[in-house]
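S.K.: Hey, dropping my_file_37.pdb in here, PDB, C-alpha atoms:
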ATOM      1  CA  THR A   1     121.536 120.378 118.855
ATOM      2  CA  ALA A   2     124.520 122.694 118.870
ATOM      3  CA  THR A   3     123.772 126.369 119.348
ATOM      4  CA  PRO A   4     124.592 128.259 116.140
ATOM      5  CA  PRO A   5     127.331 130.869 116.536
ATOM      6  CA  ALA A   6     126.169 134.437 117.041
ATOM      7  CA  ALA A   7     126.364 136.737 114.050
ATOM      8  CA  PRO A   8     129.259 139.211 114.117
ATOM      9  CA  GLU A   9     128.546 142.567 115.747
ATOM     10  CA  GLN A  10     127.766 145.350 113.300
ATOM     11  CA  ARG A  11     128.924 148.919 113.907
ATOM     12  CA  VAL A  12     128.253 152.482 112.812
ATOM     13  CA  GLN A  13     131.416 154.555 112.548
ATOM     14  CA  ILE A  14     131.860 157.845 114.423
ATOM     15  CA  GLU A  15     133.913 160.490 112.617
ATOM     16  CA  ALA A  16     134.031 163.917 114.267
ATOM     17  CA  PRO A  17     136.734 166.590 114.465
ATOM     18  CA  ARG A  18     137.785 165.669 118.001
ATOM     19  CA  VAL A  19     136.655 162.069 118.438
ATOM     20  CA  LYS A  20     136.524 158.866 116.451
ATOM     21  CA  GLY A  21     135.069 155.465 117.210
ATOM     22  CA  SER A  22     131.877 153.529 116.634
ATOM     23  CA  ILE A  23     128.428 152.549 117.904
ATOM     24  CA  ASN A  24     127.830 148.861 118.509
ATOM     25  CA  LEU A  25     124.499 147.910 116.932
ATOM     26  CA  ARG A  26     124.300 144.967 119.324
ATOM     27  CA  GLY A  27     122.719 146.564 122.360
ATOM     28  CA  ALA A  28     122.915 150.068 120.856
ATOM     29  CA  ARG A  29     126.051 150.828 122.882
ATOM     30  CA  VAL A  30     128.430 153.736 122.379
ATOM     31  CA  ASP A  31     131.443 151.705 123.445
ATOM     32  CA  ASP A  32     134.253 152.973 121.239
ATOM     33  CA  ILE A  33     135.412 156.575 121.702
ATOM     34  CA  VAL A  34     138.986 157.713 121.053
ATOM     35  CA  LEU A  35     140.046 161.342 121.618
ATOM     36  CA  ARG A  36     141.924 162.725 118.621
ATOM     37  CA  ASP A  37     143.622 165.590 120.503
ATOM     38  CA  TYR A  38     145.069 163.687 123.462
ATOM     39  CA  ARG A  39     147.740 161.027 123.845
ATOM     40  CA  GLU A  40     148.502 158.728 126.746
ATOM     41  CA  THR A  41     151.954 160.266 127.317
ATOM     42  CA  VAL A  42     153.903 163.287 126.096
ATOM     43  CA  GLU A  43     155.680 161.173 123.471
ATOM     44  CA  ARG A  44     154.629 162.121 119.942
ATOM     45  CA  ASP A  45     154.005 158.530 118.892
ATOM     46  CA  SER A  46     152.092 157.661 122.068
ATOM     47  CA  PRO A  47     148.648 156.085 121.470
ATOM     48  CA  LEU A  48     145.619 158.331 121.454
ATOM     49  CA  VAL A  49     143.546 158.280 124.638
ATOM     50  CA  ARG A  50     140.733 155.738 124.540
ATOM     51  CA  LEU A  51     137.837 156.873 126.716
ATOM     52  CA  LEU A  52     135.053 154.341 125.993
ATOM     53  CA  ALA A  53     135.695 150.679 125.250
ATOM     54  CA  PRO A  54     133.643 147.531 124.452
ATOM     55  CA  ARG A  55     133.056 144.619 126.790
ATOM     56  CA  THR A  56     135.830 142.646 125.083
ATOM     57  CA  HIS A  57     138.331 145.299 126.213
ATOM     58  CA  THR A  58     140.257 145.041 129.484
ATOM     59  CA  ASP A  59     138.404 148.132 130.783
ATOM     60  CA  PRO A  60     134.830 148.075 129.429
ATOM     61  CA  TYR A  61     133.199 151.517 129.564
ATOM     62  CA  PHE A  62     130.137 152.465 127.513
ATOM     63  CA  GLY A  63     126.915 154.453 127.185
ATOM     64  CA  GLN A  64     123.590 152.793 126.443
ATOM     65  CA  TRP A  65     119.897 153.638 126.023
ATOM     66  CA  GLY A  66     116.813 151.491 126.485
ATOM     67  CA  TRP A  67     113.369 150.892 127.928
ATOM     68  CA  THR A  68     111.934 148.850 130.786
ATOM     69  CA  SER A  69     108.436 147.414 131.007
ATOM     70  CA  ALA A  70     106.688 146.136 134.124
ATOM     71  CA  ASP A  71     104.560 143.939 131.861
ATOM     72  CA  PRO A  72     106.570 140.849 130.822
ATOM     73  CA  ALA A  73     104.289 140.439 127.813
ATOM     74  CA  ILE A  74     105.696 143.633 126.298
ATOM     75  CA  VAL A  75     108.976 142.838 124.545
ATOM     76  CA  VAL A  76     111.534 145.652 124.684
ATOM     77  CA  PRO A  77     115.060 145.770 123.209
ATOM     78  CA  GLY A  78     117.648 144.135 125.446
ATOM     79  CA  PRO A  79     121.427 144.398 125.921
ATOM     80  CA  GLU A  80     122.056 141.912 123.090
ATOM     81  CA  THR A  81     119.390 143.152 120.668
ATOM     82  CA  ASP A  82     120.687 143.763 117.134
ATOM     83  CA  TRP A  83     119.479 147.111 115.806
ATOM     84  CA  THR A  84     119.254 148.241 112.186
ATOM     85  CA  ALA A  85     121.036 151.456 111.254
ATOM     86  CA  GLU A  86     119.965 154.114 108.787
ATOM     87  CA  GLY A  87     123.374 155.453 107.814
ATOM     88  CA  THR A  88     126.906 154.112 108.118
ATOM     89  CA  THR A  89     128.779 157.022 109.696
ATOM     90  CA  LEU A  90     127.837 159.436 112.475
ATOM     91  CA  SER A  91     129.352 162.894 112.004
ATOM     92  CA  PRO A  92     128.407 166.499 112.833
ATOM     93  CA  THR A  93     126.667 166.733 109.452
ATOM     94  CA  SER A  94     125.138 163.259 109.299
ATOM     95  CA  PRO A  95     122.969 161.944 112.145
ATOM     96  CA  VAL A  96     122.238 158.223 112.354
ATOM     97  CA  THR A  97     118.983 156.525 113.399
ATOM     98  CA  LEU A  98     118.817 152.993 114.807
ATOM     99  CA  ARG A  99     115.548 151.032 114.520
ATOM    100  CA  TRP A 100     114.125 147.888 116.073
ATOM    101  CA  ASP A 101     110.617 146.425 115.826
ATOM    102  CA  ASN A 102     109.408 144.037 118.516
ATOM    103  CA  GLY A 103     107.081 142.320 116.043
ATOM    104  CA  ALA A 104     104.064 143.067 118.212
ATOM    105  CA  GLY A 105     103.277 146.637 117.253
ATOM    106  CA  LEU A 106     106.033 148.652 118.936
ATOM    107  CA  GLU A 107     108.662 150.444 116.849
ATOM    108  CA  PHE A 108     111.758 151.642 118.757
ATOM    109  CA  ARG A 109     114.151 154.291 117.445
ATOM    110  CA  LEU A 110     117.390 155.891 118.631
ATOM    111  CA  ARG A 111     118.539 159.006 116.779
ATOM    112  CA  PHE A 112     122.219 159.883 117.325
ATOM    113  CA  GLU A 113     123.741 163.310 116.657
ATOM    114  CA  ILE A 114     127.240 164.528 117.479
ATOM    115  CA  ASP A 115     128.785 167.997 117.546
ATOM    116  CA  ALA A 116     132.301 169.154 116.678
ATOM    117  CA  ASP A 117     133.595 168.527 120.216
ATOM    118  CA  PHE A 118     132.542 165.869 122.743
ATOM    119  CA  MET A 119     128.728 165.948 122.969
ATOM    120  CA  LEU A 120     126.298 163.363 121.632
ATOM    121  CA  ASN A 121     122.564 164.002 121.493
ATOM    122  CA  VAL A 122     120.459 160.829 121.631
ATOM    123  CA  THR A 123     116.672 160.917 121.160
ATOM    124  CA  GLN A 124     114.962 157.651 122.007
ATOM    125  CA  SER A 125     111.396 157.158 120.832
ATOM    126  CA  VAL A 126     108.857 154.369 120.599
ATOM    127  CA  ARG A 127     105.732 154.340 118.451
ATOM    128  CA  ASN A 128     102.740 152.365 119.631
ATOM    129  CA  ASN A 129     100.997 150.698 116.676
ATOM    130  CA  THR A 130      98.945 148.390 118.886
ATOM    131  CA  GLY A 131      95.318 148.894 119.817
ATOM    132  CA  ALA A 132      95.961 149.491 123.526
ATOM    133  CA  PRO A 133      98.061 151.927 125.590
ATOM    134  CA  VAL A 134     101.441 150.689 126.844
ATOM    135  CA  GLN A 135     103.613 151.811 129.730
ATOM    136  CA  LEU A 136     107.370 152.014 129.151
ATOM    137  CA  LEU A 137     110.175 153.532 131.204
ATOM    138  CA  PRO A 138     112.911 155.059 129.010
ATOM    139  CA  TRP A 139     116.414 155.256 130.488
ATOM    140  CA  ALA A 140     120.013 156.088 129.667
ATOM    141  CA  ARG A 141     123.114 154.852 131.436
ATOM    142  CA  VAL A 142     126.900 154.915 131.462
ATOM    143  CA  ARG A 143     128.559 151.783 132.777
ATOM    144  CA  ARG A 144     132.117 150.976 133.869
ATOM    145  CA  ASP A 145     132.830 147.272 134.227
ATOM    146  CA  ARG A 146     136.160 147.822 135.978
ATOM    147  CA  THR A 147     137.333 150.224 138.667
ATOM    148  CA  PRO A 148     139.641 152.703 136.882
ATOM    149  CA  GLN A 149     143.191 153.391 137.966
ATOM    150  CA  LEU A 150     143.015 156.456 140.203
ATOM    151  CA  ALA A 151     145.508 159.295 140.519
ATOM    152  CA  GLY A 152     145.009 159.145 144.293
ATOM    153  CA  PHE A 153     145.493 162.849 145.084
ATOM    154  CA  PHE A 154     143.563 163.818 148.207
ATOM    155  CA  ILE A 155     142.692 167.195 146.660
ATOM    156  CA  LEU A 156     141.305 165.594 143.479
ATOM    157  CA  HIS A 157     137.886 163.950 143.335
ATOM    158  CA  GLU A 158     137.571 160.890 141.097
ATOM    159  CA  GLY A 159     134.399 158.849 140.864
ATOM    160  CA  PHE A 160     130.709 159.718 140.703
ATOM    161  CA  THR A 161     129.808 163.367 140.289
ATOM    162  CA  GLY A 162     126.838 165.484 139.266
ATOM    163  CA  VAL A 163     124.723 168.544 139.962
ATOM    164  CA  LEU A 164     121.021 167.951 140.604
ATOM    165  CA  ASP A 165     118.638 170.753 141.613
ATOM    166  CA  GLY A 166     121.656 173.026 142.031
ATOM    167  CA  ARG A 167     123.504 170.756 144.467
ATOM    168  CA  LEU A 168     126.821 168.999 143.804
ATOM    169  CA  HIS A 169     126.825 165.265 144.603
ATOM    170  CA  GLU A 170     130.286 163.661 144.692
ATOM    171  CA  TRP A 171     130.886 160.038 145.707
ATOM    172  CA  THR A 172     134.162 158.132 145.616
ATOM    173  CA  TYR A 173     134.087 154.548 144.359
ATOM    174  CA  LYS A 174     134.915 153.294 147.859
ATOM    175  CA  ASP A 175     132.094 155.242 149.515
ATOM    176  CA  ALA A 176     129.609 154.255 146.804
ATOM    177  CA  ARG A 177     130.479 150.587 147.211
ATOM    178  CA  GLU A 178     130.038 150.700 150.990
ATOM    179  CA  GLN A 179     126.723 152.551 150.732
ATOM    180  CA  ALA A 180     125.350 150.230 148.042
ATOM    181  CA  ILE A 181     126.203 147.163 150.127
ATOM    182  CA  LYS A 182     124.643 148.772 153.175
ATOM    183  CA  THR A 183     121.362 149.690 151.451
ATOM    184  CA  ARG A 184     121.325 146.736 149.017
ATOM    185  CA  GLY A 185     120.404 149.190 146.309
ATOM    186  CA  PRO A 186     121.726 152.347 144.672
ATOM    187  CA  ALA A 187     124.483 154.176 146.518
ATOM    188  CA  PHE A 188     122.633 157.385 145.697
ATOM    189  CA  GLU A 189     119.283 158.067 144.036
ATOM    190  CA  THR A 190     117.201 161.201 143.729
ATOM    191  CA  GLU A 191     114.628 162.937 141.562
ATOM    192  CA  SER A 192     115.317 166.372 140.100
ATOM    193  CA  THR A 193     114.420 168.831 137.374
ATOM    194  CA  GLY A 194     117.210 168.553 134.807
ATOM    195  CA  GLY A 195     120.787 168.476 136.031
ATOM    196  CA  TRP A 196     123.624 166.156 135.110
ATOM    197  CA  ILE A 197     125.513 163.138 136.478
ATOM    198  CA  GLY A 198     128.702 161.433 135.420
ATOM    199  CA  PHE A 199     132.024 159.746 136.066
ATOM    200  CA  THR A 200     134.983 162.065 136.523
ATOM    201  CA  ASP A 201     138.615 161.045 136.101
ATOM    202  CA  LYS A 202     141.652 163.271 136.493
ATOM    203  CA  TYR A 203     141.353 164.601 132.952
ATOM    204  CA  TRP A 204     138.255 162.964 131.444
ATOM    205  CA  LEU A 205     134.499 163.017 131.956
ATOM    206  CA  THR A 206     131.437 161.085 130.853
ATOM    207  CA  ALA A 207     128.111 162.664 131.785
ATOM    208  CA  LEU A 208     124.392 162.346 131.086
ATOM    209  CA  THR A 209     122.007 165.300 131.012
ATOM    210  CA  PRO A 210     118.489 165.810 129.619
ATOM    211  CA  VAL A 211     118.238 167.837 126.422
ATOM    212  CA  ASP A 212     115.314 169.725 127.981
ATOM    213  CA  GLN A 213     116.506 170.902 131.385
ATOM    214  CA  ALA A 214     112.861 171.226 132.497
ATOM    215  CA  THR A 215     112.503 167.426 132.297
ATOM    216  CA  ARG A 216     111.932 165.579 135.572
ATOM    217  CA  VAL A 217     114.401 162.709 135.898
ATOM    218  CA  ARG A 218     115.396 160.125 138.453
ATOM    219  CA  SER A 219     119.168 159.758 138.692
ATOM    220  CA  ALA A 220     121.230 157.083 140.406
ATOM    221  CA  TYR A 221     124.810 156.088 141.229
ATOM    222  CA  ARG A 222     125.131 152.307 141.394
ATOM    223  CA  HIS A 223     127.631 149.655 142.427
ATOM    224  CA  ILE A 224     127.033 146.157 141.058
ATOM    225  CA  ALA A 225     129.084 143.129 142.117
ATOM    226  CA  GLU A 226     129.259 140.618 139.257
ATOM    227  CA  GLY A 227     131.687 137.780 138.736
ATOM    228  CA  GLY A 228     133.942 138.993 141.505
ATOM    229  CA  GLN A 229     134.240 142.423 139.882
ATOM    230  CA  ASP A 230     133.091 145.827 141.053
ATOM    231  CA  ARG A 231     130.989 147.404 138.319
ATOM    232  CA  TRP A 232     129.765 150.985 138.355
ATOM    233  CA  GLN A 233     126.837 152.717 136.727
ATOM    234  CA  ILE A 234     125.157 156.084 136.448
ATOM    235  CA  ASP A 235     121.673 156.194 135.000
ATOM    236  CA  MET A 236     118.863 158.638 134.294
ATOM    237  CA  ALA A 237     115.237 157.755 133.633
ATOM    238  CA  THR A 238     111.815 159.338 133.786
ATOM    239  CA  PRO A 239     110.439 159.134 137.366
ATOM    240  CA  THR A 240     107.439 157.103 136.191
ATOM    241  CA  PRO A 241     106.720 155.071 133.047
ATOM    242  CA  GLN A 242     105.433 156.924 130.014
ATOM    243  CA  VAL A 243     101.883 155.972 129.018
ATOM    244  CA  ILE A 244     101.845 155.740 125.218
ATOM    245  CA  ALA A 245      98.418 155.750 123.633
ATOM    246  CA  PRO A 246      97.623 153.769 120.460
ATOM    247  CA  GLY A 247      99.078 155.591 117.462
ATOM    248  CA  ALA A 248     101.185 157.886 119.689
ATOM    249  CA  GLU A 249     104.914 158.162 120.426
ATOM    250  CA  GLY A 250     106.867 158.372 123.654
ATOM    251  CA  THR A 251     110.225 160.163 123.583
ATOM    252  CA  LEU A 252     113.135 161.062 125.839
ATOM    253  CA  ALA A 253     116.164 163.039 124.661
ATOM    254  CA  MET A 254     119.481 162.819 126.525
ATOM    255  CA  ARG A 255     122.929 164.204 125.937
ATOM    256  CA  LEU A 256     126.113 162.226 126.553
ATOM    257  CA  PHE A 257     129.350 164.119 127.099
ATOM    258  CA  ALA A 258     132.430 161.955 126.579
ATOM    259  CA  GLY A 259     135.700 163.829 126.461
ATOM    260  CA  ALA A 260     138.279 166.011 128.140
ATOM    261  CA  LYS A 261     137.420 168.338 131.027
ATOM    262  CA  GLU A 262     138.273 171.557 129.197
ATOM    263  CA  VAL A 263     136.928 174.345 131.385
ATOM    264  CA  ASN A 264     136.091 176.755 128.571
ATOM    265  CA  LEU A 265     134.249 174.025 126.694
ATOM    266  CA  LEU A 266     132.292 172.969 129.790
ATOM    267  CA  ASP A 267     131.328 176.619 130.349
ATOM    268  CA  SER A 268     130.264 176.879 126.718
ATOM    269  CA  TYR A 269     128.009 173.826 127.032
ATOM    270  CA  ALA A 270     126.571 175.177 130.279
ATOM    271  CA  ASP A 271     125.654 178.473 128.585
ATOM    272  CA  ARG A 272     124.419 176.897 125.364
ATOM    273  CA  TYR A 273     122.252 174.161 126.882
ATOM    274  CA  GLY A 274     121.478 175.538 130.336
ATOM    275  CA  ILE A 275     123.403 172.795 132.154
ATOM    276  CA  VAL A 276     123.781 174.156 135.687
ATOM    277  CA  ASP A 277     127.344 174.123 137.113
ATOM    278  CA  PHE A 278     128.691 171.846 134.395
ATOM    279  CA  ASP A 279     132.153 173.266 135.113
ATOM    280  CA  LYS A 280     132.058 171.602 138.540
ATOM    281  CA  ALA A 281     133.054 168.396 136.796
ATOM    282  CA  VAL A 282     136.483 169.962 137.385
ATOM    283  CA  ASP A 283     137.413 169.763 141.069
ATOM    284  CA  PHE A 284     138.144 173.394 141.923
ATOM    285  CA  GLY A 285     137.878 172.612 145.642
ATOM    286  CA  TRP A 286     136.258 174.573 148.446
ATOM    287  CA  PHE A 287     137.561 177.916 147.183
ATOM    288  CA  TYR A 288     135.907 177.696 143.762
ATOM    289  CA  PHE A 289     135.358 181.468 143.711
ATOM    290  CA  LEU A 290     139.157 181.937 143.781
ATOM    291  CA  THR A 291     140.569 178.849 142.110
ATOM    292  CA  LYS A 292     138.527 179.114 138.918
ATOM    293  CA  PRO A 293     139.541 182.747 138.190
ATOM    294  CA  PHE A 294     143.132 181.798 139.021
ATOM    295  CA  PHE A 295     142.896 178.942 136.544
ATOM    296  CA  HIS A 296     141.644 181.242 133.776
ATOM    297  CA  ALA A 297     144.447 183.711 134.485
ATOM    298  CA  LEU A 298     147.124 181.000 134.405
ATOM    299  CA  HIS A 299     145.628 179.471 131.262
ATOM    300  CA  PHE A 300     145.667 182.848 129.511
ATOM    301  CA  LEU A 301     149.275 183.489 130.511
ATOM    302  CA  GLY A 302     150.299 179.947 129.579
ATOM    303  CA  VAL A 303     148.891 180.390 126.071
ATOM    304  CA  LEU A 304     150.417 183.874 125.825
ATOM    305  CA  PHE A 305     153.945 182.814 126.807
ATOM    306  CA  GLY A 306     153.789 179.221 125.595
ATOM    307  CA  ASN A 307     155.138 178.003 128.926
ATOM    308  CA  PHE A 308     153.200 177.382 132.127
ATOM    309  CA  GLY A 309     156.323 177.735 134.276
ATOM    310  CA  VAL A 310     156.713 181.312 133.010
ATOM    311  CA  ALA A 311     152.955 181.804 133.444
ATOM    312  CA  ILE A 312     153.195 180.868 137.140
ATOM    313  CA  LEU A 313     156.101 183.270 137.677
ATOM    314  CA  VAL A 314     154.292 186.153 135.935
ATOM    315  CA  PHE A 315     151.070 185.428 137.811
ATOM    316  CA  THR A 316     152.939 185.361 141.136
ATOM    317  CA  LEU A 317     154.569 188.718 140.365
ATOM    318  CA  ALA A 318     151.183 190.181 139.410
ATOM    319  CA  ILE A 319     149.644 189.019 142.706
ATOM    320  CA  LYS A 320     152.618 190.409 144.665
ATOM    321  CA  ALA A 321     152.304 193.741 142.866
ATOM    322  CA  ALA A 322     148.570 193.908 143.492
ATOM    323  CA  PHE A 323     149.019 193.348 147.219
ATOM    324  CA  PHE A 324     152.224 195.384 147.599
ATOM    325  CA  PRO A 325     150.459 198.489 148.995
ATOM    326  CA  LEU A 326     148.771 196.385 151.687
ATOM    327  CA  ALA A 327     151.985 194.528 152.535
ATOM    328  CA  ASN A 328     153.949 197.794 152.591
ATOM    329  CA  LYS A 329     151.474 199.388 154.974
ATOM    330  CA  ALA A 330     151.621 196.347 157.243
ATOM    331  CA  TYR A 331     155.394 196.680 157.526
TER     332      TYR A 331
END
Do you think you could lay out the structure here as structure tokens?
M.R.:
Amino acid sequence: TATPPAAPEQRVQIEAPRVKGSINLRGARVDDIVLRDYRETVERDSPLVRLLAPRTHTDPYFGQWGWTSADPAIVVPGPETDWTAEGTTLSPTSPVTLRWDNGAGLEFRLRFEIDADFMLNVTQSVRNNTGAPVQLLPWARVRRDRTPQLAGFFILHEGFTGVLDGRLHEWTYKDAREQAIKTRGPAFETESTGGWIGFTDKYWLTALTPVDQATRVRSAYRHIAEGGQDRWQIDMATPTPQVIAPGAEGTLAMRLFAGAKEVNLLDSYADRYGIVDFDKAVDFGWFYFLTKPFFHALHFLGVLFGNFGVAILVFTLAIKAAFFPLANKAY
């Protein structure tokens, strides 16, 4: 008997001031994010920057949420599960909830919210309507199914990044691949209280972080070889499965940042949500204590004069003037 063709994928639209795209209801994947404020080149008619893309794209890149069960008898939503949406469009004023029932007493929900910039808030919950407790491990991940084109500057980090328990963890794709092959497991894995992990490009960032920064999480950087391709993944999960009593709910709330590495915005998120060192998604180098203030000064002057070439000249003159007494005394 011929296998019937799969039903077309259904989507929930994303309409926010700075991003547009959609959520794929098959697998509950955020796999379509386009940045409204940025274009691929300086040409006015250049295409808008696409950050996240579906698996049918040449560079698949997406965020996803789910659960794992050690008990094979407990059916959990999988990567091809079709969810039902309450709402047709996700916007800053209209959250959307996805639902799926396993038909055996477990109701799964994903509530999506988005702000006016680049942050999604996703609360995953499962209600146990059975007569016995169940153990489920909730997780969130961001996956890249191709190695991105790198700028290749030795002073610029591109690849895995994150701050966990106050420590910055940066891995290049090359180093992560070698370590994963060596250990036959994650390139990097650790448990922490809160923190964030992500993929950093020259200008763009995707990152996961718990909504409650007091949450204990296990984070990992992974390399997966599939079909002759290098695939990359960051993921966060609770350190141990949640035990959900009959009639109770288990929840985990995660944020997904998907957008441009605007320093002021990253600082704003860090202050608002308590995300430690979120600005270190930008590679300020070893001399962070100098380079970040210099950046803010140049940015201010660039906005003031409307030209960063003039801003550099003015900043250089200001530095020369500030150090003139010292230089004069030396001579």
S.K.: Kindly provide, as AutoDock Vina command-line options, the centre and edge lengths (Å, one decimal) of an axis-aligned box around all atoms of stretch 124-135 of chain A given in the file, with 5 Å on each side.
M.R.:
--center_x 105.1 --center_y 153.0 --center_z 123.2 --size_x 29.6 --size_y 19.3 --size_z 23.1
S.K.: Tell me which protein, DNA and RNA residues are within 9 Å of A:Glu170, counting all atoms listed in the file, leaving out same-chain ones fewer than 5 positions away, and put them as an MDAnalysis selection string.
M.R.: chainID A and resid 157:163
S.K.: Set out as a tab-separated table a contact list for stretch 211-255 of chain A and stretch 112-120 of chain A with a cut-off of 12 Å, giving each residue of stretch 211-255 of chain A that qualifies its closest atom pair and distance in Å to one decimal, counting only C-alpha atoms, ordered by chain and rising residue number.
M.R.:
residue	atom	partner	partner_atom	distance
A:Val211	CA	A:Leu120	CA	10.4
A:Ala253	CA	A:Phe112	CA	10.0
A:Met254	CA	A:Leu120	CA	8.4
A:Arg255	CA	A:Leu120	CA	5.5
S.K.: Check what the PyMOL selection byres ((chain A and resi 54) around 9) selects in the file above and give those residues as a PyMOL selection string.
M.R.: chain A and resi 24+29-32+52-53+55-62
S.K.: For A:Arg146, which residue out of A:Gly228, A:Gly259, A:Pro8, A:Gly309 is the nearest one, using only C-alpha atoms?
M.R.: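 Going through A:Gly228, A:Gly259, A:Pro8, A:Gly309 one by one, the smallest distance to A:Arg146 is for A:Gly228.
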S.K.: Would you kindly place all heavy atoms on stretch 80-86 of chain A and return the model as a PDB file, in the frame of the given file?
M.R.:
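Result file follows (selection_7.pdb):
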ATOM      1  N   GLU A  80     121.466 142.628 124.226  1.00  0.00           N
ATOM      2  CA  GLU A  80     122.056 141.912 123.090  1.00  0.00           C
ATOM      3  C   GLU A  80     121.201 142.036 121.831  1.00  0.00           C
ATOM      4  O   GLU A  80     121.426 141.305 120.855  1.00  0.00           O
ATOM      5  CB  GLU A  80     122.237 140.436 123.450  1.00  0.00           C
ATOM      6  CG  GLU A  80     123.163 140.200 124.640  1.00  0.00           C
ATOM      7  CD  GLU A  80     124.546 140.803 124.437  1.00  0.00           C
ATOM      8  OE1 GLU A  80     125.092 140.660 123.326  1.00  0.00           O
ATOM      9  OE2 GLU A  80     125.071 141.411 125.382  1.00  0.00           O
ATOM     10  N   THR A  81     120.232 142.946 121.847  1.00  0.00           N
ATOM     11  CA  THR A  81     119.390 143.152 120.668  1.00  0.00           C
ATOM     12  C   THR A  81     120.203 143.745 119.518  1.00  0.00           C
ATOM     13  O   THR A  81     120.988 144.681 119.719  1.00  0.00           O
ATOM     14  CB  THR A  81     118.217 144.094 121.011  1.00  0.00           C
ATOM     15  OG1 THR A  81     117.376 143.460 121.973  1.00  0.00           O
ATOM     16  CG2 THR A  81     117.404 144.432 119.778  1.00  0.00           C
ATOM     17  N   ASP A  82     120.022 143.223 118.328  1.00  0.00           N
ATOM     18  CA  ASP A  82     120.687 143.763 117.134  1.00  0.00           C
ATOM     19  C   ASP A  82     119.771 144.784 116.467  1.00  0.00           C
ATOM     20  O   ASP A  82     118.676 144.454 116.002  1.00  0.00           O
ATOM     21  CB  ASP A  82     121.029 142.640 116.156  1.00  0.00           C
ATOM     22  CG  ASP A  82     122.193 141.804 116.640  1.00  0.00           C
ATOM     23  OD1 ASP A  82     123.181 142.382 117.140  1.00  0.00           O
ATOM     24  OD2 ASP A  82     122.121 140.561 116.538  1.00  0.00           O
ATOM     25  N   TRP A  83     120.229 146.020 116.402  1.00  0.00           N
ATOM     26  CA  TRP A  83     119.479 147.111 115.806  1.00  0.00           C
ATOM     27  C   TRP A  83     119.862 147.250 114.338  1.00  0.00           C
ATOM     28  O   TRP A  83     120.937 146.821 113.908  1.00  0.00           O
ATOM     29  CB  TRP A  83     119.761 148.420 116.528  1.00  0.00           C
ATOM     30  CG  TRP A  83     119.253 148.476 117.943  1.00  0.00           C
ATOM     31  CD1 TRP A  83     119.720 147.784 119.015  1.00  0.00           C
ATOM     32  CD2 TRP A  83     118.183 149.286 118.434  1.00  0.00           C
ATOM     33  NE1 TRP A  83     119.011 148.108 120.150  1.00  0.00           N
ATOM     34  CE2 TRP A  83     118.054 149.029 119.819  1.00  0.00           C
ATOM     35  CE3 TRP A  83     117.322 150.208 117.842  1.00  0.00           C
ATOM     36  CZ2 TRP A  83     117.110 149.661 120.621  1.00  0.00           C
ATOM     37  CZ3 TRP A  83     116.374 150.841 118.625  1.00  0.00           C
ATOM     38  CH2 TRP A  83     116.262 150.562 120.001  1.00  0.00           C
ATOM     39  N   THR A  84     118.989 147.913 113.587  1.00  0.00           N
ATOM     40  CA  THR A  84     119.254 148.241 112.186  1.00  0.00           C
ATOM     41  C   THR A  84     119.551 149.725 112.075  1.00  0.00           C
ATOM     42  O   THR A  84     118.825 150.553 112.634  1.00  0.00           O
ATOM     43  CB  THR A  84     118.051 147.886 111.300  1.00  0.00           C
ATOM     44  OG1 THR A  84     117.778 146.488 111.426  1.00  0.00           O
ATOM     45  CG2 THR A  84     118.341 148.213 109.842  1.00  0.00           C
ATOM     46  N   ALA A  85     120.612 150.059 111.358  1.00  0.00           N
ATOM     47  CA  ALA A  85     121.036 151.456 111.254  1.00  0.00           C
ATOM     48  C   ALA A  85     120.637 152.060 109.918  1.00  0.00           C
ATOM     49  O   ALA A  85     120.738 151.411 108.874  1.00  0.00           O
ATOM     50  CB  ALA A  85     122.545 151.570 111.437  1.00  0.00           C
ATOM     51  N   GLU A  86     120.185 153.311 109.991  1.00  0.00           N
ATOM     52  CA  GLU A  86     119.965 154.114 108.787  1.00  0.00           C
ATOM     53  C   GLU A  86     121.147 155.074 108.683  1.00  0.00           C
ATOM     54  O   GLU A  86     121.171 156.125 109.309  1.00  0.00           O
ATOM     55  CB  GLU A  86     118.650 154.875 108.887  1.00  0.00           C
ATOM     56  CG  GLU A  86     117.421 153.969 108.908  1.00  0.00           C
ATOM     57  CD  GLU A  86     116.125 154.748 109.019  1.00  0.00           C
ATOM     58  OE1 GLU A  86     116.194 155.980 109.186  1.00  0.00           O
ATOM     59  OE2 GLU A  86     115.054 154.121 108.964  1.00  0.00           O
TER      60      GLU A  86
END
